[in-house]
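Below is query_39.tsv, holding TSV, C-alpha atoms (C1' of nucleotides).
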chain	number	residue	atom	x	y	z
A	1	MET	CA	-14.32	10.65	8.50
A	2	ILE	CA	-16.25	7.80	10.13
A	3	LYS	CA	-14.50	5.41	7.76
A	4	HIS	CA	-11.20	6.40	9.25
A	5	GLU	CA	-12.31	5.54	12.82
A	6	GLN	CA	-13.90	2.29	11.67
A	7	ALA	CA	-10.68	1.25	10.00
A	8	ILE	CA	-8.68	1.90	13.17
A	9	GLU	CA	-11.19	-0.10	15.17
A	10	THR	CA	-10.90	-2.97	12.66
A	11	LEU	CA	-7.12	-2.96	13.05
A	12	ARG	CA	-7.35	-3.05	16.85
A	13	LEU	CA	-10.03	-5.77	16.93
A	14	LYS	CA	-7.99	-8.10	14.74
A	15	GLY	CA	-4.98	-7.63	16.98
A	16	HIS	CA	-2.90	-5.46	14.69
A	17	ARG	CA	-0.78	-2.68	16.16
A	18	LEU	CA	-1.58	0.94	15.62
A	19	THR	CA	1.77	2.20	14.43
A	20	PRO	CA	2.30	5.76	13.23
A	21	GLN	CA	3.17	4.38	9.79
A	22	ARG	CA	-0.19	2.68	9.51
A	23	LEU	CA	-2.12	5.69	10.72
A	24	ILE	CA	-0.31	7.91	8.24
A	25	VAL	CA	-0.95	5.63	5.28
A	26	LEU	CA	-4.57	5.33	6.33
A	27	SER	CA	-5.10	9.08	6.60
A	28	ILE	CA	-3.46	9.63	3.22
A	29	ILE	CA	-5.70	7.11	1.52
A	30	ALA	CA	-8.72	8.44	3.39
A	31	SER	CA	-8.07	12.04	2.45
A	32	SER	CA	-7.83	11.21	-1.25
A	33	ASP	CA	-11.14	10.71	-2.99
A	34	GLY	CA	-9.91	8.65	-5.94
A	35	HIS	CA	-7.38	5.81	-6.12
A	36	MET	CA	-3.72	6.47	-5.44
A	37	GLY	CA	-0.59	4.86	-6.85
A	38	VAL	CA	1.76	3.24	-4.33
A	39	ASP	CA	4.51	5.76	-4.97
A	40	GLU	CA	2.04	8.61	-4.57
A	41	VAL	CA	1.17	7.28	-1.13
A	42	PHE	CA	4.85	6.79	-0.34
A	43	GLN	CA	5.82	10.34	-1.32
A	44	ALA	CA	2.94	11.83	0.67
A	45	ALA	CA	3.80	9.70	3.69
A	46	LYS	CA	7.45	10.76	3.64
A	47	LYS	CA	6.37	14.37	4.08
A	48	THR	CA	4.92	13.74	7.52
A	49	TYR	CA	7.22	10.84	8.41
A	50	PRO	CA	10.59	11.06	6.64
A	51	TYR	CA	11.77	7.59	7.71
A	52	MET	CA	8.89	5.91	5.94
A	53	ASP	CA	10.05	2.96	3.83
A	54	ILE	CA	8.46	1.85	0.56
A	55	ALA	CA	8.34	-1.75	1.86
A	56	THR	CA	6.26	-0.57	4.80
A	57	VAL	CA	3.87	1.19	2.44
A	58	TYR	CA	3.41	-2.02	0.47
A	59	ARG	CA	2.98	-4.13	3.60
A	60	THR	CA	0.55	-1.65	5.08
A	61	LEU	CA	-1.54	-1.41	1.93
A	62	HIS	CA	-1.66	-5.20	1.66
A	63	LEU	CA	-2.73	-5.47	5.28
A	64	PHE	CA	-5.48	-2.92	4.71
A	65	LYS	CA	-6.51	-4.82	1.63
A	66	ASP	CA	-6.75	-8.10	3.55
A	67	LEU	CA	-8.82	-6.36	6.20
A	68	GLY	CA	-11.07	-4.94	3.50
A	69	VAL	CA	-10.22	-1.37	4.48
A	70	VAL	CA	-8.80	-0.49	1.08
A	71	THR	CA	-9.40	-1.89	-2.38
A	72	GLU	CA	-6.66	-2.72	-4.85
A	73	VAL	CA	-7.11	-1.69	-8.47
A	74	ALA	CA	-4.67	-2.37	-11.30
A	75	ILE	CA	-4.37	0.81	-13.35
A	76	GLY	CA	-2.20	0.20	-16.38
A	77	ASP	CA	0.44	-2.13	-14.98
A	78	ARG	CA	0.70	-0.43	-11.59
A	79	LEU	CA	-1.20	-1.11	-8.42
A	80	HIS	CA	-3.51	1.59	-7.06
A	81	PHE	CA	-5.46	1.66	-3.82
A	82	GLU	CA	-8.59	3.41	-2.66
A	83	LEU	CA	-10.59	3.43	0.56
A	84	THR	CA	-13.20	0.69	0.29
A	85	ASP	CA	-16.56	2.24	-0.43
A	86	LEU	CA	-19.00	-0.01	1.37
A	87	ASP	CA	-22.09	1.88	0.30
A	88	GLY	CA	-21.25	2.49	-3.32
A	89	HIS	CA	-19.24	-0.66	-4.03
A	90	HIS	CA	-18.10	-0.63	-7.63
A	91	HIS	CA	-15.77	-2.16	-10.19
A	92	HIS	CA	-13.55	-0.38	-12.70
A	93	MET	CA	-13.18	0.04	-16.42
A	94	VAL	CA	-9.65	1.26	-17.14
A	95	CYS	CA	-8.80	2.83	-20.47
A	96	ARG	CA	-5.50	1.56	-21.79
A	97	ALA	CA	-5.02	4.71	-23.90
A	98	CYS	CA	-5.57	7.48	-21.34
A	99	ASN	CA	-5.35	5.35	-18.16
A	100	GLY	CA	-8.63	6.86	-17.01
A	101	ALA	CA	-10.68	4.75	-14.61
A	102	PHE	CA	-14.46	4.61	-14.77
A	103	ASN	CA	-16.68	3.07	-12.15
A	104	LEU	CA	-18.84	0.10	-12.99
A	105	SER	CA	-21.80	-0.96	-10.90
A	106	PRO	CA	-21.60	-4.56	-9.64
A	107	HIS	CA	-24.89	-5.58	-11.18
A	108	TYR	CA	-23.23	-5.74	-14.58
A	109	LEU	CA	-21.26	-8.73	-13.32
A	110	ALA	CA	-23.91	-10.51	-11.29
A	111	GLU	CA	-25.16	-12.58	-14.19
A	112	PHE	CA	-21.66	-13.58	-15.23
A	113	ARG	CA	-20.91	-14.82	-11.72
A	114	ASP	CA	-24.13	-16.81	-11.60
A	115	THR	CA	-23.36	-18.49	-14.90
A	116	LEU	CA	-19.86	-19.60	-13.85
A	117	ASN	CA	-21.27	-20.86	-10.59
A	118	LYS	CA	-24.04	-22.93	-12.11
A	119	GLU	CA	-22.17	-24.23	-15.14
A	120	PHE	CA	-18.77	-25.00	-13.62
A	121	GLY	CA	-19.13	-24.66	-9.87
A	122	PHE	CA	-16.45	-21.98	-10.18
A	123	GLU	CA	-16.60	-19.11	-7.69
A	124	PRO	CA	-14.91	-16.15	-9.39
A	125	ASP	CA	-13.15	-13.36	-7.50
A	126	LEU	CA	-15.09	-10.38	-8.75
A	127	GLU	CA	-15.02	-8.21	-5.64
A	128	HIS	CA	-12.39	-5.92	-7.09
A	129	PHE	CA	-12.85	-6.58	-10.75
A	130	ALA	CA	-11.22	-4.28	-13.29
A	131	VAL	CA	-11.39	-4.63	-17.04
A	132	THR	CA	-9.09	-2.78	-19.43
A	133	GLY	CA	-10.19	-1.48	-22.80
A	134	ILE	CA	-10.65	1.74	-24.73
A	135	CYS	CA	-12.99	4.44	-23.48
A	136	ILE	CA	-15.35	6.28	-25.77
A	137	ASP	CA	-13.23	9.44	-25.94
A	138	CYS	CA	-10.06	7.58	-26.87
A	139	GLN	CA	-11.91	5.57	-29.50
A	140	ARG	CA	-12.91	8.87	-31.06
A	141	SER	CA	-9.41	10.39	-31.03
A	142	GLU	CA	-7.98	7.12	-32.32
A	143	PHE	CA	-10.42	7.31	-35.23
A	144	GLU	CA	-9.56	10.95	-35.90
A	145	SER	CA	-5.81	10.36	-35.96
A	146	LYS	CA	-6.34	7.57	-38.45
A	147	GLU	CA	-8.42	9.87	-40.62
A	148	LYS	CA	-5.66	12.47	-40.56
A	149	GLN	CA	-3.12	10.00	-41.90
A	150	LYS	CA	-5.03	9.60	-45.15
B	1	MET	CA	2.41	-28.95	-36.63
B	2	ILE	CA	0.75	-26.74	-39.24
B	3	LYS	CA	0.54	-24.01	-36.59
B	4	HIS	CA	4.29	-23.97	-36.35
B	5	GLU	CA	4.70	-23.33	-40.10
B	6	GLN	CA	1.96	-20.72	-40.09
B	7	ALA	CA	3.66	-18.85	-37.28
B	8	ILE	CA	6.97	-18.80	-39.17
B	9	GLU	CA	5.19	-17.51	-42.23
B	10	THR	CA	3.53	-14.77	-40.15
B	11	LEU	CA	6.92	-13.68	-38.83
B	12	ARG	CA	8.41	-13.52	-42.32
B	13	LEU	CA	5.45	-11.68	-43.83
B	14	LYS	CA	5.55	-8.96	-41.19
B	15	GLY	CA	9.25	-8.44	-41.85
B	16	HIS	CA	10.60	-10.03	-38.69
B	17	ARG	CA	13.81	-12.01	-38.80
B	18	LEU	CA	13.87	-15.74	-38.30
B	19	THR	CA	16.52	-16.02	-35.64
B	20	PRO	CA	17.42	-19.33	-33.98
B	21	GLN	CA	16.22	-17.88	-30.66
B	22	ARG	CA	12.75	-17.24	-32.07
B	23	LEU	CA	12.50	-20.62	-33.72
B	24	ILE	CA	13.53	-22.34	-30.51
B	25	VAL	CA	11.01	-20.47	-28.37
B	26	LEU	CA	8.32	-21.15	-30.93
B	27	SER	CA	9.02	-24.88	-31.08
B	28	ILE	CA	9.05	-25.10	-27.29
B	29	ILE	CA	5.67	-23.40	-26.99
B	30	ALA	CA	4.31	-25.45	-29.87
B	31	SER	CA	5.43	-28.75	-28.43
B	32	SER	CA	3.74	-28.06	-25.11
B	33	ASP	CA	0.01	-28.59	-25.09
B	34	GLY	CA	-0.83	-26.38	-22.10
B	35	HIS	CA	0.48	-22.97	-21.09
B	36	MET	CA	4.07	-22.52	-20.00
B	37	GLY	CA	5.65	-20.17	-17.51
B	38	VAL	CA	8.34	-17.84	-18.83
B	39	ASP	CA	11.08	-19.50	-16.82
B	40	GLU	CA	9.92	-22.91	-18.02
B	41	VAL	CA	10.39	-21.71	-21.60
B	42	PHE	CA	13.75	-20.17	-20.71
B	43	GLN	CA	15.09	-23.33	-19.09
B	44	ALA	CA	13.95	-25.48	-21.99
B	45	ALA	CA	15.47	-23.06	-24.50
B	46	LYS	CA	18.85	-23.06	-22.76
B	47	LYS	CA	19.10	-26.79	-23.28
B	48	THR	CA	19.27	-26.46	-27.05
B	49	TYR	CA	20.80	-22.96	-27.09
B	50	PRO	CA	22.93	-22.29	-23.99
B	51	TYR	CA	23.47	-18.58	-24.76
B	52	MET	CA	19.75	-17.88	-24.58
B	53	ASP	CA	19.00	-14.82	-22.46
B	54	ILE	CA	15.87	-14.35	-20.36
B	55	ALA	CA	15.36	-10.90	-21.90
B	56	THR	CA	15.24	-12.48	-25.33
B	57	VAL	CA	12.63	-14.95	-24.14
B	58	TYR	CA	10.47	-12.10	-22.86
B	59	ARG	CA	10.94	-10.07	-26.04
B	60	THR	CA	10.21	-13.07	-28.21
B	61	LEU	CA	7.08	-14.01	-26.29
B	62	HIS	CA	5.81	-10.44	-26.46
B	63	LEU	CA	6.49	-10.32	-30.17
B	64	PHE	CA	4.59	-13.56	-30.64
B	65	LYS	CA	1.81	-12.18	-28.53
B	66	ASP	CA	1.56	-9.02	-30.64
B	67	LEU	CA	1.48	-11.16	-33.77
B	68	GLY	CA	-1.27	-13.26	-32.25
B	69	VAL	CA	0.88	-16.40	-32.41
B	70	VAL	CA	0.79	-16.99	-28.67
B	71	THR	CA	-1.66	-15.96	-25.98
B	72	GLU	CA	-0.67	-14.52	-22.63
B	73	VAL	CA	-2.42	-15.80	-19.53
B	74	ALA	CA	-1.82	-14.61	-15.96
B	75	ILE	CA	-1.61	-17.71	-13.75
B	76	GLY	CA	-1.31	-16.69	-10.13
B	77	ASP	CA	0.92	-13.65	-10.37
B	78	ARG	CA	3.15	-15.01	-13.13
B	79	LEU	CA	2.77	-14.72	-16.87
B	80	HIS	CA	2.17	-17.86	-18.88
B	81	PHE	CA	1.99	-18.34	-22.62
B	82	GLU	CA	0.33	-20.83	-24.90
B	83	LEU	CA	0.09	-21.27	-28.66
B	84	THR	CA	-2.99	-19.38	-29.83
B	85	ASP	CA	-5.77	-21.81	-30.58
B	86	LEU	CA	-7.58	-20.23	-33.52
B	87	ASP	CA	-10.24	-22.91	-33.79
B	88	GLY	CA	-11.04	-23.33	-30.15
B	89	HIS	CA	-10.45	-19.81	-28.90
B	90	HIS	CA	-11.09	-19.68	-25.19
B	91	HIS	CA	-10.67	-17.73	-21.97
B	92	HIS	CA	-9.48	-19.01	-18.61
B	93	MET	CA	-10.73	-19.53	-15.12
B	94	VAL	CA	-7.74	-19.83	-12.80
B	95	CYS	CA	-8.11	-21.34	-9.34
B	96	ARG	CA	-6.23	-19.32	-6.75
B	97	ALA	CA	-5.97	-22.36	-4.46
B	98	CYS	CA	-4.53	-25.01	-6.81
B	99	ASN	CA	-3.45	-22.69	-9.66
B	100	GLY	CA	-5.31	-24.93	-12.06
B	101	ALA	CA	-6.53	-23.29	-15.27
B	102	PHE	CA	-9.86	-24.19	-16.86
B	103	ASN	CA	-10.96	-23.14	-20.31
B	104	LEU	CA	-13.97	-20.87	-20.74
B	105	SER	CA	-15.81	-20.52	-24.01
B	106	PRO	CA	-16.00	-16.92	-25.30
B	107	HIS	CA	-19.76	-16.87	-25.50
B	108	TYR	CA	-19.92	-16.49	-21.72
B	109	LEU	CA	-18.45	-13.03	-22.15
B	110	ALA	CA	-20.25	-11.88	-25.26
B	111	GLU	CA	-23.17	-10.39	-23.41
B	112	PHE	CA	-20.95	-8.58	-20.94
B	113	ARG	CA	-19.04	-6.96	-23.79
B	114	ASP	CA	-22.24	-5.89	-25.50
B	115	THR	CA	-23.54	-4.27	-22.34
B	116	LEU	CA	-20.40	-2.22	-21.74
B	117	ASN	CA	-20.43	-1.17	-25.36
B	118	LYS	CA	-24.02	-0.01	-25.40
B	119	GLU	CA	-24.15	1.54	-21.95
B	120	PHE	CA	-20.77	3.27	-21.78
B	121	GLY	CA	-19.27	3.10	-25.27
B	122	PHE	CA	-16.44	1.19	-23.58
B	123	GLU	CA	-14.68	-1.44	-25.66
B	124	PRO	CA	-13.23	-3.97	-23.20
B	125	ASP	CA	-10.14	-6.07	-23.91
B	126	LEU	CA	-11.58	-9.53	-23.49
B	127	GLU	CA	-9.53	-11.41	-26.08
B	128	HIS	CA	-7.38	-13.04	-23.45
B	129	PHE	CA	-9.60	-12.72	-20.44
B	130	ALA	CA	-8.78	-14.66	-17.30
B	131	VAL	CA	-10.72	-14.62	-14.07
B	132	THR	CA	-9.37	-15.96	-10.79
B	133	GLY	CA	-11.49	-17.72	-8.21
B	134	ILE	CA	-11.92	-21.05	-6.50
B	135	CYS	CA	-12.61	-24.19	-8.50
B	136	ILE	CA	-15.18	-26.74	-7.42
B	137	ASP	CA	-12.62	-29.21	-6.11
B	138	CYS	CA	-10.85	-26.65	-3.95
B	139	GLN	CA	-14.15	-25.40	-2.59
B	140	ARG	CA	-14.85	-28.92	-1.47
B	141	SER	CA	-11.49	-29.46	0.21
B	142	GLU	CA	-11.70	-26.03	1.82
B	143	PHE	CA	-15.06	-27.06	3.27
B	144	GLU	CA	-13.69	-30.38	4.48
B	145	SER	CA	-10.69	-28.85	6.21
B	146	LYS	CA	-13.01	-26.46	8.01
B	147	GLU	CA	-15.18	-29.38	9.13
B	148	LYS	CA	-12.12	-31.15	10.49
B	149	GLN	CA	-11.24	-28.23	12.71
B	150	LYS	CA	-14.46	-28.61	14.70
C	1	DC	C1'	29.02	-14.89	-52.96
C	2	DA	C1'	30.27	-10.56	-50.76
C	3	DT	C1'	28.63	-6.44	-48.58
C	4	DG	C1'	25.80	-3.04	-46.20
C	5	DT	C1'	21.83	-2.02	-43.47
C	6	DT	C1'	19.21	-2.58	-39.65
C	7	DA	C1'	16.73	-5.73	-36.63
C	8	DT	C1'	17.96	-8.40	-32.93
C	9	DT	C1'	20.75	-10.14	-29.28
C	10	DG	C1'	23.36	-10.39	-24.85
C	11	DC	C1'	24.64	-8.01	-21.06
C	12	DA	C1'	24.04	-5.00	-17.43
C	13	DA	C1'	21.27	-1.71	-15.35
C	14	DT	C1'	16.80	-0.63	-13.90
C	15	DC	C1'	11.97	-0.80	-12.20
C	16	DA	C1'	8.02	-2.22	-9.30
C	17	DA	C1'	7.20	-5.30	-5.87
C	18	DT	C1'	8.48	-8.69	-2.28
C	19	DT	C1'	11.12	-10.83	1.38
C	20	DG	C1'	14.74	-12.14	5.10
C	21	DC	C1'	16.55	-10.48	9.06
C	22	DG	C1'	18.27	-7.95	12.95
C	23	DA	C1'	16.73	-3.78	15.46
C	24	DT	C1'	12.91	-1.39	17.23
C	25	DT	C1'	8.56	-0.51	19.40
C	26	DA	C1'	3.51	-1.14	20.45
C	27	DC	C1'	1.09	-3.48	23.47
C	28	DT	C1'	0.21	-6.93	27.57
C	29	DA	C1'	0.37	-8.22	31.91
C	30	DA	C1'	2.58	-8.05	36.19
D	1	DT	C1'	5.11	2.09	35.78
D	2	DT	C1'	8.00	-1.24	34.14
D	3	DA	C1'	9.63	-5.05	32.05
D	4	DG	C1'	8.80	-8.93	28.51
D	5	DT	C1'	7.53	-10.43	23.96
D	6	DA	C1'	5.93	-10.65	19.67
D	7	DA	C1'	4.56	-7.71	15.86
D	8	DT	C1'	6.41	-4.41	12.99
D	9	DC	C1'	9.88	-1.61	10.85
D	10	DG	C1'	13.95	-0.21	8.12
D	11	DC	C1'	17.36	-1.80	5.38
D	12	DA	C1'	19.36	-4.52	1.99
D	13	DA	C1'	18.93	-8.19	-0.99
D	14	DT	C1'	16.01	-10.56	-4.22
D	15	DT	C1'	12.47	-11.53	-7.71
D	16	DG	C1'	9.99	-11.14	-12.15
D	17	DA	C1'	9.93	-8.21	-15.82
D	18	DT	C1'	11.70	-4.40	-18.77
D	19	DT	C1'	14.99	-1.40	-21.11
D	20	DG	C1'	19.39	1.10	-23.00
D	21	DC	C1'	23.13	0.20	-25.60
D	22	DA	C1'	27.02	-1.64	-28.03
D	23	DA	C1'	28.06	-5.92	-30.53
D	24	DT	C1'	26.26	-9.25	-33.60
D	25	DA	C1'	23.95	-11.48	-37.30
D	26	DA	C1'	19.80	-12.01	-40.57
D	27	DC	C1'	18.43	-10.64	-44.74
D	28	DA	C1'	18.26	-7.78	-49.19
D	29	DT	C1'	20.78	-6.19	-52.80
D	30	DG	C1'	24.18	-5.99	-56.14
How does the structure come out when it is put into structure tokens?
Amino acid sequence: MIKHEQAIETLRLKGHRLTPQRLIVLSIIASSDGHMGVDEVFQAAKKTYPYMDIATVYRTLHLFKDLGVVTEVAIGDRLHFELTDLDGHHHHMVCRACNGAFNLSPHYLAEFRDTLNKEFGFEPDLEHFAVTGICIDCQRSEFESKEKQK
Amino acid sequence: MIKHEQAIETLRLKGHRLTPQRLIVLSIIASSDGHMGVDEVFQAAKKTYPYMDIATVYRTLHLFKDLGVVTEVAIGDRLHFELTDLDGHHHHMVCRACNGAFNLSPHYLAEFRDTLNKEFGFEPDLEHFAVTGICIDCQRSEFESKEKQK
DNA sequence: CATGTTATTGCAATCAATTGCGATTACTAA
DNA sequence: TTAGTAATCGCAATTGATTGCAATAACATG
């Protein structure tokens, strides 16, 4: 739970107020190990703080994102958030069939970034990169269901 | 304007109806050389067909997208569409500062796709890939404005 | 050319996300 | 400890995008 304390310190240092709403959202995100949908966070927050508003959840998550405390990931067409993992920073592969998210080590993108930089002088935002596609399991079941139709 | 005719033929062959709304949206997209925002298309369409509804524009663009007639690109946080360029298929680099879009040849992504395939069996959706970042011009002006502050 | 079927449209409702604004409250500084 | 003030919140309205549904119209068929 060091992350938790660090995040609070970050908030304070940058001059942001430590409101109960923020602390609740933070502890919810921190206590989950994977990424959470916005509504998931909202529902959980309402349990300990019934007045919680969905707009506050969005604003809080965006603040945390700007501070680097949480990371935004697009799963399907919804936004999800997870506590930023400074040690094991990673990207995501999201399966469009089962919506499963798989971690992707940053080194798979390093070369791509270098190329864009050298060839075009373009600095891509790849900090929180996510690519959609079809995972190996869903490829298999897709194949099987096609076989069945014959 | 061969593209235009081809697109109409595609619609007909797949059993879709040639409604005035579809023909209007198609001709608008075809007559623009870059990508257009949805509202841009909508406003233009209303001029020749005042009853045009925004929902129809969305449905039409999505149909065209599924048929491969147009390509969807996320510019900023809005959806844009352009006529699919079969010969010069390309991806996009979008600058988050000036919202400018730069074309990116597909071969820059070929290796990345191969790696994901071999390592994880993951088949990424890279047909209409767009990466945000900062273009070379905006990097320069960002640098200059920081210098000025000193 | 007339008719029936069914895709498509227009409208209104809805959804996820964002924003304007007056009320509230966390923090600062006396 | 107590005010003062600016950040933050809750609420309601708004935005971009999608969807359900009844009315309409494109197309196939006779």
What residues in chain A have any atom no more than 8 Å from chain C when counting all atoms listed in the file, and can you write them as a PDB file with C-alpha atoms, keeping the file's coordinate frame?
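Listed below is the output, out.pdb:
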ATOM      1  CA  ARG A  17      -0.780  -2.680  16.160  1.00  0.00           C
ATOM      2  CA  LEU A  18      -1.580   0.940  15.620  1.00  0.00           C
ATOM      3  CA  THR A  19       1.770   2.200  14.430  1.00  0.00           C
ATOM      4  CA  ARG A  78       0.700  -0.430 -11.590  1.00  0.00           C
TER       5      ARG A  78
END
Show me, as a Markdown table, the residues of chain A having an atom within 7 Å of chain B, each with the closest atom pair and its distance in Å, using only C-alpha atoms.
| residue | atom | partner | partner_atom | distance |
| --- | --- | --- | --- | --- |
| A:Gly121 | CA | B:Ile136 | CA | 5.1 |
| A:Phe122 | CA | B:Cys135 | CA | 4.7 |
| A:Glu123 | CA | B:Ile134 | CA | 5.2 |
| A:Pro124 | CA | B:Gly133 | CA | 3.9 |
| A:Asp125 | CA | B:Gly133 | CA | 4.7 |
| A:Val131 | CA | B:Pro124 | CA | 6.5 |
| A:Thr132 | CA | B:Asp125 | CA | 5.7 |
| A:Gly133 | CA | B:Pro124 | CA | 3.9 |
| A:Ile134 | CA | B:Glu123 | CA | 5.2 |
| A:Cys135 | CA | B:Phe122 | CA | 4.7 |
| A:Ile136 | CA | B:Gly121 | CA | 5.1 |
*Using all atoms listed in the file, which chain B residues lie at most 12 Å away from chain D, written as JSON, numbers by chain?*
{"B": [12, 15, 16, 17, 18, 19, 20, 37, 38, 39, 54, 55, 56, 57, 58, 59, 62, 77, 78, 79]}
*Could you jot down the atom CA of Ala45 of chain B to atom CA of His128 of chain B separation for me, Å, one decimal place?*
25.0 Å
*Calculate how many Å separate atom CA of Ser31 of chain B from atom CA of Ala44 of chain B, rounding to one decimal.*
11.2 Å
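The interatomic distance for the pair atom CA of Val41 of chain B and atom CA of Ile28 of chain B works out to 6.8 Å.
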Mind rebuilding segment 113-135 of chain B with N, CA and C atoms and writing that out as a CSV table (one decimal), keeping the file's coordinate frame?
chain,number,residue,atom,x,y,z
B,113,ARG,N,-19.6,-7.9,-22.9
B,113,ARG,CA,-19.0,-7.0,-23.8
B,113,ARG,C,-20.1,-6.1,-24.4
B,114,ASP,N,-21.2,-6.7,-24.9
B,114,ASP,CA,-22.2,-5.9,-25.5
B,114,ASP,C,-22.8,-4.8,-24.6
B,115,THR,N,-23.0,-5.2,-23.3
B,115,THR,CA,-23.5,-4.3,-22.3
B,115,THR,C,-22.6,-3.1,-22.1
B,116,LEU,N,-21.3,-3.3,-21.9
B,116,LEU,CA,-20.4,-2.2,-21.7
B,116,LEU,C,-20.4,-1.3,-23.0
B,117,ASN,N,-20.4,-1.9,-24.1
B,117,ASN,CA,-20.4,-1.2,-25.4
B,117,ASN,C,-21.6,-0.2,-25.5
B,118,LYS,N,-22.8,-0.8,-25.2
B,118,LYS,CA,-24.0,0.0,-25.4
B,118,LYS,C,-24.2,1.0,-24.3
B,119,GLU,N,-23.9,0.6,-23.1
B,119,GLU,CA,-24.2,1.5,-22.0
B,119,GLU,C,-23.1,2.6,-21.8
B,120,PHE,N,-21.8,2.3,-22.1
B,120,PHE,CA,-20.8,3.3,-21.8
B,120,PHE,C,-19.9,3.6,-23.0
B,121,GLY,N,-20.2,2.9,-24.1
B,121,GLY,CA,-19.3,3.1,-25.3
B,121,GLY,C,-17.9,2.6,-25.0
B,122,PHE,N,-17.8,1.7,-24.0
B,122,PHE,CA,-16.4,1.2,-23.6
B,122,PHE,C,-16.2,-0.1,-24.3
B,123,GLU,N,-15.0,-0.2,-24.9
B,123,GLU,CA,-14.7,-1.4,-25.7
B,123,GLU,C,-13.7,-2.2,-24.8
B,124,PRO,N,-14.1,-3.3,-24.1
B,124,PRO,CA,-13.2,-4.0,-23.2
B,124,PRO,C,-12.3,-4.9,-23.9
B,125,ASP,N,-11.1,-5.1,-23.4
B,125,ASP,CA,-10.1,-6.1,-23.9
B,125,ASP,C,-10.5,-7.4,-23.3
B,126,LEU,N,-11.2,-8.2,-24.0
B,126,LEU,CA,-11.6,-9.5,-23.5
B,126,LEU,C,-11.0,-10.7,-24.3
B,127,GLU,N,-10.1,-10.4,-25.2
B,127,GLU,CA,-9.5,-11.4,-26.1
B,127,GLU,C,-8.9,-12.5,-25.2
B,128,HIS,N,-8.1,-12.1,-24.2
B,128,HIS,CA,-7.4,-13.0,-23.4
B,128,HIS,C,-7.8,-12.9,-22.0
B,129,PHE,N,-9.1,-12.9,-21.8
B,129,PHE,CA,-9.6,-12.7,-20.4
B,129,PHE,C,-9.3,-13.9,-19.5
B,130,ALA,N,-8.9,-13.6,-18.3
B,130,ALA,CA,-8.8,-14.7,-17.3
B,130,ALA,C,-9.4,-14.2,-16.0
B,131,VAL,N,-10.1,-15.0,-15.4
B,131,VAL,CA,-10.7,-14.6,-14.1
B,131,VAL,C,-10.2,-15.6,-13.0
B,132,THR,N,-9.8,-15.1,-11.9
B,132,THR,CA,-9.4,-16.0,-10.8
B,132,THR,C,-10.6,-16.3,-9.9
B,133,GLY,N,-10.4,-17.3,-9.1
B,133,GLY,CA,-11.5,-17.7,-8.2
B,133,GLY,C,-11.1,-19.0,-7.5
B,134,ILE,N,-12.1,-19.8,-7.1
B,134,ILE,CA,-11.9,-21.0,-6.5
B,134,ILE,C,-12.7,-22.1,-7.3
B,135,CYS,N,-12.0,-23.1,-7.7
B,135,CYS,CA,-12.6,-24.2,-8.5
B,135,CYS,C,-13.4,-25.1,-7.6
